[in-house]
Amino acid sequence: MFNTTAWNRLRYSCYAPLYDIVVEPAFRQARRRALAQAAWQPGMQVLLVGAGTGLDLPWLPKDIELHATDLSPAMVRRTQARADAMARDVECRVVDAQSLDYLDEYFDVVVMHLIVAVMPDPAQGLQEAYRVLKPGGQLCVMDKFQADDHPSGAGRRALNALTSALATDITRQARPLLEDAGFIIHADQPVMMGTLFRALLAYKPS
């Protein structure tokens, strides 16, 4: 499958100038609904993994310690510009989601929107999210997923060779991925295009 870290860095750097035009209006309400599931508290330490251009920022509380990462330097620059325009203090860094450069058990919340279906190794990315979360910490995931009880057929797997190279994997199943990483799923709701896009809230056991 043509889905590597180097290729993703390159293609998302190319997508960056048009990303907001295409993605922001399409996913505005899905982001809002996904983040509304979390139990927010003042002073929380929060990590956005695969933050893109920072489109989650308008839906996040202002009284938190916020870190934002992305694989693409072009995306990180746009997140920083959005944070500056909103007068928000956000630490923005270029970081691979599959190898997070953060201490164990540092964050109260990790947000992974539209990245679980993009990473070459989603299991590794979720293991990293689990590692940096405090016991009892929350994981917010929003992405496109294959039905958990209906594995992909041959046609979908064949199409996935193209979609995973240009945009996203269309064969990944949310619950097996999160549960195999050790998370306990608390909420799971469709947020867009029927049940294709889902928002899940999961916890690291305390």
# chains A, B, ... in the order shown; residues from 1 in each chain; ligands from 1
$ select_by_dssp --residues "region 99-175 of chain A" --states "strand (DSSP E)" --output "PyMOL selection string"
chain A and resi 107-113+133-144
$ write_last_selection --atoms "C-alpha atoms" --output "short mmCIF file (atom, residue, chain, number, x, y, z; two decimals), in the first residue's frame"
data_model
loop_
_atom_site.label_atom_id
_atom_site.label_comp_id
_atom_site.auth_asym_id
_atom_site.auth_seq_id
_atom_site.Cartn_x
_atom_site.Cartn_y
_atom_site.Cartn_z
CA PHE A 107 -1.94 14.92 28.83
CA ASP A 108 -5.52 14.93 30.08
CA VAL A 109 -6.98 14.84 26.55
CA VAL A 110 -5.62 13.73 23.18
CA VAL A 111 -7.55 14.73 20.06
CA MET A 112 -7.08 12.74 16.85
CA HIS A 113 -9.36 14.09 14.13
CA LEU A 133 -2.35 10.19 28.31
CA LYS A 134 -2.71 10.26 32.07
CA PRO A 135 -4.65 7.38 33.64
CA GLY A 136 -8.29 8.33 33.21
CA GLY A 137 -7.38 10.62 30.30
CA GLN A 138 -9.70 11.08 27.34
CA LEU A 139 -9.13 10.30 23.67
CA CYS A 140 -11.29 12.12 21.10
CA VAL A 141 -11.31 10.45 17.68
CA MET A 142 -13.25 11.56 14.62
CA ASP A 143 -12.70 9.90 11.26
CA LYS A 144 -14.14 7.72 8.53
#
$ select_by_dssp --residues "region 4-198 of chain A" --states "helix (DSSP H, G or I)" --output "ChimeraX atom specification"
/A:5-36,57-59,73-85,122-132,154-166,174-180
$ closest_residue --among "A:Pro17, A:Pro190, A:Gly125, A:Gly182" --to "Pro205 (chain A)" --atoms "only C-alpha atoms"
A:Gly182
$ closest_residue --among "A:Tyr102, A:Met193, A:Leu201, A:Gly50" --to "Ala36 (chain A)" --atoms "only C-alpha atoms"
A:Leu201
$ residues_around --residues "Phe27 (chain A)" --least-positions-apart "6" --cutoff "10 Å" --atoms "only C-alpha atoms" --output "ChimeraX atom specification"
/A:33,55-56,114,191-192,197
$ write_last_selection --atoms "N, CA and C atoms" --output "tab-separated table (two decimals), in the first residue's frame"
chain	number	residue	atom	x	y	z
A	33	ARG	N	-19.29	18.65	17.17
A	33	ARG	CA	-19.98	17.57	17.87
A	33	ARG	C	-19.00	16.60	18.51
A	55	LEU	N	-8.07	23.56	12.58
A	55	LEU	CA	-9.51	23.77	12.46
A	55	LEU	C	-10.29	23.37	13.71
A	56	ASP	N	-9.65	22.65	14.63
A	56	ASP	CA	-10.33	22.32	15.89
A	56	ASP	C	-10.30	23.48	16.89
A	114	LEU	N	-9.38	13.05	11.96
A	114	LEU	CA	-9.00	12.80	10.57
A	114	LEU	C	-7.54	12.42	10.42
A	191	VAL	N	-21.39	11.28	12.79
A	191	VAL	CA	-21.41	12.74	12.74
A	191	VAL	C	-21.47	13.29	11.32
A	192	MET	N	-21.38	12.41	10.29
A	192	MET	CA	-21.35	12.93	8.92
A	192	MET	C	-21.50	11.79	7.92
A	197	PHE	N	-18.60	8.68	8.86
A	197	PHE	CA	-17.75	9.44	9.78
A	197	PHE	C	-18.33	9.32	11.18
$ residues_around --residues "Gln98 (chain A)" --least-positions-apart "3" --cutoff "8 Å" --atoms "only C-alpha atoms" --output "list in words"
Met119, Asp121, Pro122, Gln124, Gly125, Leu126 and Glu128 of chain A
$ closest_residue --among "A:Thr5, A:Thr53, A:Gln45, A:Gln29" --to "Leu71 (chain A)" --atoms "only C-alpha atoms"
A:Thr5
